[in-house]
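These notes are about the structure you will find just below.
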Amino acid sequence: MNENLKMSVSSIVAKGKEKRIYIQFMDGEKNAEAVLPGGKIIYNKGFSEEEVAVLETYIKSEEKQIVKMAKEVNPIKAIMK
């Protein structure tokens with residue numbers, strides 16, 4: 001993967017009774033979105049199958065840290081930027 005890969009994490013989003021976290025990966029023109037729980041890529045534009053597998057492995061191995069990041073996201077503050 002490229003060292004220019006960027007990742008952003010949403011706040012915890014309630015969808016019905018389920019709570020979700022959305023993770024977005026960007027690398028130039030490439031864009032992918034994943035969701036927790038599950039850690040699966042739900043949208044992909046430009047990443048190869050091998051790159052998607054690496055992203056999914058990363059999400060699963062860093063799930064606790066990603067959840068911690070999501071808990072720290074302030075959606076109101078993000079909108080005001």
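Ordered as shown in the structure tokens, chains take letters A, B, and onward, while each chain numbers its residues from 1 and ligands are numbered from 1 in the order shown.
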
Could you list, as a ChimeraX atom specification, every residue within 12 Å of stretch 59-69 of chain A, counting only C-alpha atoms and ignoring same-chain residues fewer than 3 positions away? /A:7-13,19-25,33-41,52-56,72-74

Would you mind exporting C-alpha atoms of the selected residues as a CSV table (one decimal), in the first residue's frame?
```
chain,number,residue,atom,x,y,z
A,7,MET,CA,-8.0,6.8,7.0
A,8,SER,CA,-10.9,8.6,8.6
A,9,VAL,CA,-13.3,7.2,11.3
A,10,SER,CA,-16.9,8.3,11.9
A,11,SER,CA,-18.4,8.7,15.3
A,12,ILE,CA,-20.5,5.9,16.5
A,13,VAL,CA,-23.7,5.9,14.5
A,19,LYS,CA,-24.4,0.8,16.5
A,20,ARG,CA,-21.9,1.2,13.6
A,21,ILE,CA,-18.7,2.8,12.9
A,22,TYR,CA,-17.7,3.7,9.3
A,23,ILE,CA,-14.1,3.8,8.2
A,24,GLN,CA,-13.0,5.4,5.0
A,25,PHE,CA,-9.6,4.8,3.3
A,33,GLU,CA,-15.4,2.4,3.0
A,34,ALA,CA,-15.7,-0.3,5.7
A,35,VAL,CA,-18.1,-0.8,8.6
A,36,LEU,CA,-17.7,-2.1,12.2
A,37,PRO,CA,-18.9,-4.5,13.5
A,38,GLY,CA,-17.7,-6.9,10.9
A,39,GLY,CA,-14.7,-5.1,9.5
A,40,LYS,CA,-15.8,-5.7,5.9
A,41,ILE,CA,-15.3,-3.3,3.0
A,52,VAL,CA,-8.9,-4.8,0.2
A,53,ALA,CA,-7.8,-7.9,2.0
A,54,VAL,CA,-5.0,-6.0,3.7
A,55,LEU,CA,-7.4,-3.2,4.7
A,56,GLU,CA,-9.9,-5.7,6.2
A,72,GLU,CA,-13.5,10.6,20.5
A,73,VAL,CA,-15.1,12.0,17.4
A,74,ASN,CA,-17.3,15.0,18.1
```

Taking only chain A into account, list the residues labelled strand (DSSP E) by DSSP (computed from the backbone), as a PyMOL selection string. chain A and resi 6-9+13-15+18-27+30-36+40-45

Suppose you want the space between atom CA of A:Gly28 and atom CA of A:Glu3; what is it in Å? 10.8 Å

Quick one, how far is atom CA of A:Ala32 from atom CA of A:Gly46?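 According to the coordinates, atom CA of A:Ala32 and atom CA of A:Gly46 are separated by 8.1 Å.
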
DSSP-assigned helix (DSSP H, G or I) members of chain A, reported as a PyMOL selection string: chain A and resi 49-61+63-72+75-80

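Proximity of A:Ala70, A:Glu29, A:Lys6, A:Lys17 to A:Lys45, computed with only C-alpha atoms, is greatest for A:Glu29.
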
Would you work out the distance separating atom CA of A:Asn31 from atom CA of A:Phe47, expressed in Å to one decimal?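 Atom CA of A:Phe47 lies at a distance of 7.2 Å from atom CA of A:Asn31.
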